[in-house]
Amino acid sequence: MQSLEIFGAIIGLIYLYLEYKANKWLWLFGVIMPVVYIFIFYQSKFYADMGINIYYFFASIYGWIVWTKGKNLEHEVRISHTPTRFVLPLTTIVVIIFALIAFILVRFTDSTVPYGDSFTTTLSIVGMWMLAHKYIEQWVIWFVVNIVSCGLYFWKDLYYTGALFAIYAVISIFGYFKWKRMMEEEARGSVA
């Protein structure tokens, strides 16, 4: 499994680099990476993380469609802030999904990390949706997910995956500021 984990980490780094650049090809790697991690997380009994990778697979297809649907710049999805009208619904969704996943993991699986797995999975669902819509705050969500996941993976002896998520956490900070600059440049470009 170690070689599969290394391969997954490499694909993950390519994905993250493309996300950092706001490059639409991130979605191609977003289709490949979940397939690898479904196997890794099943073997490690991270069942919610395994399930979230099924979601990532389909969310990456959705992200590709959203990012490429416009044939010209007028229809291109631009980096923006999450609309305030989404804060309460997203918070409600996080609470409900977390409770549901935690209940399932505690009641029906042998997961040794049901609450941590539920927490990162729930935030990842919201983070992927925010990424597909290019909301800059998705980087904050990913920072939290990556820090918590890093700890969980090291605890479960998934050292390459833990290291990957430590890198993800650092890149999340840089990604936020990169996207902020890009958002400001896009705004200046649309004014000119």
# chains A, B, ... in the order shown; residues from 1 in each chain; ligands from 1

call {"tool": "residues_around", "arguments": {"residues": "Leu158 of chain A", "least_positions_apart": "3", "cutoff": "12 Å", "atoms": "only C-alpha atoms", "output": "PyMOL selection string"}}
result
chain A and resi 1-6+8-9+37+40-41+43-46+149-155+161-165

call {"tool": "closest_residue", "arguments": {"among": "A:Ile11, A:Ile54, A:Trp64, A:Glu19", "to": "Ile125 of chain A", "atoms": "only C-alpha atoms"}}
result
A:Ile54

call {"tool": "closest_residue", "arguments": {"among": "A:Phe29, A:Tyr55, A:Trp67, A:Phe98", "to": "Leu13 of chain A", "atoms": "only C-alpha atoms"}}
result
A:Phe29

call {"tool": "closest_residue", "arguments": {"among": "A:Tyr159, A:Phe174, A:Met130, A:Val77", "to": "Asn23 of chain A", "atoms": "only C-alpha atoms"}}
result
A:Val77

call {"tool": "residues_around", "arguments": {"residues": "segment 103-110 of chain A", "least_positions_apart": "6", "cutoff": "12 Å", "atoms": "only C-alpha atoms", "output": "list in words"}}
result
Tyr42, Ser44, Lys45, Phe46, Tyr47, Ala48, Asp49, Met50, Gly51, Ile96, Ile97, Gly116, Asp117, Ser118, Phe119 and Thr121 of chain A

call {"tool": "closest_residue", "arguments": {"among": "A:Ala59, A:Ile79, A:Ala22, A:Leu100", "to": "His133 of chain A", "atoms": "only C-alpha atoms"}}
result
A:Ile79

call {"tool": "closest_residue", "arguments": {"among": "A:Trp179, A:Tyr56, A:Tyr15, A:Trp25", "to": "Lys134 of chain A", "atoms": "only C-alpha atoms"}}
result
A:Trp179

call {"tool": "select_by_dssp", "arguments": {"residues": "segment 16-180 of chain A", "states": "helix (DSSP H, G or I)", "output": "PyMOL selection string"}}
result
chain A and resi 16-20+26-44+47-68+84-108+114-132+138-155+159-180

call {"tool": "residues_around", "arguments": {"residues": "Gln138 of chain A", "least_positions_apart": "5", "cutoff": "10 Å", "atoms": "only C-alpha atoms", "output": "list in words"}}
result
His81, Thr82, Leu123, Ser124, Val126, Gly127, Met128, Trp129, Met130, Leu131, Ala132, His133, Phe143, Ser172, Gly175 and Tyr176 of chain A

call {"tool": "write_last_selection", "arguments": {"atoms": "C-alpha atoms", "output": "CSV table (one decimal), in the first residue's frame"}}
result
chain,number,residue,atom,x,y,z
A,81,HIS,CA,-16.1,36.0,-1.7
A,82,THR,CA,-18.7,33.6,-0.5
A,123,LEU,CA,-15.9,20.3,5.8
A,124,SER,CA,-14.5,18.7,2.6
A,126,VAL,CA,-18.5,22.1,1.7
A,127,GLY,CA,-14.9,23.0,0.6
A,128,MET,CA,-15.3,21.2,-2.7
A,129,TRP,CA,-18.6,23.0,-3.5
A,130,MET,CA,-16.9,26.3,-2.6
A,131,LEU,CA,-13.9,25.5,-4.8
A,132,ALA,CA,-16.2,24.7,-7.8
A,133,HIS,CA,-17.7,28.2,-7.4
A,143,PHE,CA,-6.6,24.8,6.0
A,172,SER,CA,-3.7,26.6,1.8
A,175,GLY,CA,-3.4,29.7,-2.0
A,176,TYR,CA,-5.6,32.1,-0.1

call {"tool": "closest_residue", "arguments": {"among": "A:Ser60, A:Asn146, A:Thr120, A:Ser80", "to": "Met182 of chain A", "atoms": "only C-alpha atoms"}}
result
A:Ser80
